[in-house]
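Structure file start.pdb with PDB, C-alpha atoms and all ligand atoms:
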MODEL        1
ATOM      1  CA  MET A 130     101.102 130.202 127.445
ATOM      2  CA  ALA A 131      99.538 127.713 125.065
ATOM      3  CA  LYS A 132     102.797 125.808 124.874
ATOM      4  CA  ALA A 133     102.031 123.192 127.495
ATOM      5  CA  LYS A 134      99.948 120.891 125.328
ATOM      6  CA  SER A 135     102.798 120.096 122.969
ATOM      7  CA  LYS A 136     105.389 117.697 124.253
ATOM      8  CA  ALA A 137     108.739 116.675 122.878
ATOM      9  CA  ARG A 138     108.974 112.931 122.427
ATOM     10  CA  LYS A 139     111.318 110.373 121.023
ATOM     11  CA  CYS A 140     110.071 107.789 118.583
ATOM     12  CA  VAL A 141     110.549 104.262 119.955
ATOM     13  CA  CYS A 142     111.200 102.971 116.461
ATOM     14  CA  CYS A 143     113.469 105.418 114.679
ATOM     15  CA  GLY A 144     114.673 107.378 117.705
ATOM     16  CA  LYS A 145     113.772 110.684 116.097
ATOM     17  CA  SER A 146     112.615 113.517 118.297
ATOM     18  CA  TYR A 147     109.244 114.950 117.470
ATOM     19  CA  VAL A 148     106.630 117.108 119.059
ATOM     20  CA  TYR A 149     103.467 115.438 120.155
ATOM     21  CA  ASN A 150     100.402 117.564 120.459
ATOM     22  CA  ARG A 151      97.911 115.613 122.500
ATOM     23  CA  ARG A 152      94.899 117.552 121.367
ATOM     24  CA  ASP A 153      95.406 117.383 117.639
ATOM     25  CA  GLU A 154      97.083 114.093 117.008
ATOM     26  CA  ALA A 155      96.339 110.426 116.598
ATOM     27  CA  PRO A 156      97.000 108.207 119.634
ATOM     28  CA  TYR A 157      99.894 106.400 117.944
ATOM     29  CA  ARG A 158     101.825 109.658 118.080
ATOM     30  CA  ARG A 159     102.364 109.089 121.766
ATOM     31  CA  MET A 160     105.021 106.531 120.910
ATOM     32  CA  TYR A 161     105.811 106.804 117.228
ATOM     33  CA  CYS A 162     106.661 109.731 114.995
ATOM     34  CA  SER A 163     104.727 108.265 112.059
ATOM     35  CA  GLU A 164     102.378 105.493 111.079
ATOM     36  CA  ASN A 165     105.282 104.006 109.211
ATOM     37  CA  CYS A 166     107.276 103.680 112.434
ATOM     38  CA  LYS A 167     104.269 102.308 114.229
ATOM     39  CA  GLY A 168     103.875  99.586 111.635
ATOM     40  CA  ILE A 169     107.551  98.698 111.572
ATOM     41  CA  PHE A 170     107.710  98.513 115.335
ATOM     42  CA  LYS A 171     104.680  96.260 115.483
ATOM     43  CA  THR A 172     106.008  93.893 112.831
ATOM     44  CA  VAL A 173     109.411  93.682 114.492
ATOM     45  CA  SER A 174     107.980  93.028 117.933
ATOM     46  CA  ASP A 175     105.494  90.474 116.595
ATOM     47  CA  PHE A 176     108.434  88.652 115.058
ATOM     48  CA  VAL A 177     110.624  88.943 118.156
ATOM     49  CA  PHE A 178     107.835  87.579 120.330
ATOM     50  CA  GLY A 179     107.150  84.742 117.917
ATOM     51  CA  LYS A 180     103.699  85.878 116.827
ATOM     52  CA  ILE A 181     104.743  85.826 113.190
ATOM     53  CA  ASP A 182     107.549  84.021 111.404
ATOM     54  CA  ALA A 183     110.398  85.535 109.413
ATOM     55  CA  THR A 184     108.611  85.086 106.100
ATOM     56  CA  LYS A 185     105.575  86.982 107.267
ATOM     57  CA  ALA A 186     107.670  89.643 108.972
ATOM     58  CA  LYS A 187     109.647  90.200 105.788
ATOM     59  CA  ALA A 188     106.482  90.459 103.731
ATOM     60  CA  GLU A 189     105.011  92.973 106.161
ATOM     61  CA  LEU A 190     108.174  95.057 106.263
ATOM     62  CA  LYS A 191     108.008  95.427 102.492
ATOM     63  CA  SER A 192     104.946  97.596 102.854
ATOM     64  CA  PHE A 193     106.827 100.111 104.988
ATOM     65  CA  ASP A 194     109.398 102.728 104.182
ATOM     66  CA  LEU A 195     112.700 101.418 105.491
ATOM     67  CA  SER A 196     114.872 104.078 103.916
ATOM     68  CA  GLY A 197     115.754 105.505 107.308
ATOM     69  CA  VAL A 198     116.671 102.163 108.818
ATOM     70  CA  ASP A 199     120.225 103.232 109.639
ATOM     71  CA  GLU A 200     118.823 105.770 112.052
ATOM     72  CA  PHE A 201     116.529 103.321 113.773
ATOM     73  CA  THR A 202     116.941 102.194 117.347
ATOM     74  CA  THR A 203     119.565  99.449 117.517
ATOM     75  CA  ASP A 204     117.108  96.750 118.562
ATOM     76  CA  ILE A 205     114.783  97.445 115.656
ATOM     77  CA  LYS A 206     117.573  97.877 113.169
ATOM     78  CA  GLU A 207     119.210  94.584 114.091
ATOM     79  CA  VAL A 208     116.010  92.633 113.605
ATOM     80  CA  ILE A 209     115.309  94.290 110.255
ATOM     81  CA  GLU A 210     118.848  93.639 109.044
ATOM     82  CA  GLU A 211     118.630  90.056 110.183
ATOM     83  CA  LEU A 212     115.348  89.608 108.333
ATOM     84  CA  ASN A 213     116.787  91.154 105.210
ATOM     85  CA  GLY A 214     119.813  88.912 105.429
ATOM     86  CA  LYS A 215     122.226  91.813 105.725
ATOM     87  CA  LYS A 216     123.702  90.538 108.928
ATOM     88  CA  LYS A 217     125.711  87.382 108.763
ATOM     89  CA  LYS A 218     124.925  84.776 111.281
ATOM     90  CA  VAL A 219     127.661  84.071 113.789
ATOM     91  CA  GLU A 220     127.836  80.440 112.707
ATOM     92  CA  GLU A 221     128.652  81.406 109.135
ATOM     93  CA  LYS A 222     132.283  82.174 109.713
ATOM     94  CA  GLU A 223     134.379  82.394 106.612
ATOM     95  CA  ASP A 224     137.530  80.837 108.013
ATOM     96  CA  SER A 225     137.214  77.092 107.882
ATOM     97  CA  ASN A 226     140.695  75.992 108.745
ATOM     98  CA  GLU A 227     140.540  72.472 110.016
TER      99      GLU A 227
HETATM  100 ZN    ZN A 301     109.858 107.215 113.988
ENDMDL
END

Represent the structure of the file as structure tokens.
Amino acid sequence: MAKAKSKARKCVCCGKSYVYNRRDEAPYRRMYCSENCKGIFKTVSDFVFGKIDATKAKAELKSFDLSGVDEFTTDIKEVIEELNGKKKKVEEKEDSNE
């Protein structure tokens, strides 16, 4: 009967399911599975909302573990890939037939 205080949640950053235990856990666990995800999410949203520029965002992302980036929520992943230059910009098309 003591089950009710644990709740299954989905991390808004990496999309992983985890169990949140309200009594025992840090407040960030309401939205993120780890402090790492919390930090990544904050950096990405700060960048998206123009609070920090790409240089700062990149520097901040370096302090986090991005090894699971492929599993991240699409929105987060796209921003991280863009910042890391993995995604080609649409303007940079290879075919230049004039
Ligand atoms: Zn996570």

Discussion item. For ligand ZN 301 (chain A), return the neighbouring residues as a PyMOL selection string (distance at most 12 Å; all atoms listed in the file).
Written reply: chain A and resi 138-148+157-170+193-202+205

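One finds atom CA of Tyr149 of chain A at 5.5 Å from atom CA of Ser135 of chain A.
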
Starting from 4 Å padding per side, set up an axis-aligned box that covers all listed atoms of segment 171-182 of chain A and hand over centre and edge lengths in Å, one decimal, as JSON.
{"center_x": 107.2, "center_y": 90.1, "center_z": 115.9, "size_x": 14.9, "size_y": 20.2, "size_z": 16.9}

Name all residues at most 9 Å from Lys185 of chain A (count only C-alpha atoms; drop same-chain ones fewer than 5 positions away) and give them as a PDB file with C-alpha atoms, keeping the file's coordinate frame.
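New file out-v3.pdb:
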ATOM      1  CA  THR A 172     106.008  93.893 112.831  1.00  0.00           C
ATOM      2  CA  PHE A 176     108.434  88.652 115.058  1.00  0.00           C
ATOM      3  CA  LEU A 190     108.174  95.057 106.263  1.00  0.00           C
TER       4      LEU A 190
END

Item to complete: Might you pull out every residue within 9 Å of Lys187 of chain A, with all atoms listed in the file counted and same-chain residues fewer than 2 positions away left off, and present them as a VMD selection string?
Response: chain A and resid 172 182 to 185 189 to 191 209 212 to 213

Practice prompt. To one decimal in Å, tell me the separation between atom CA of Val208 of chain A and atom CA of Ala137 of chain A.
Written response: 26.8 Å

Response to the item:
atom CA of Phe178 of chain A sits from atom CA of Ala155 of chain A at a separation of 25.8 Å
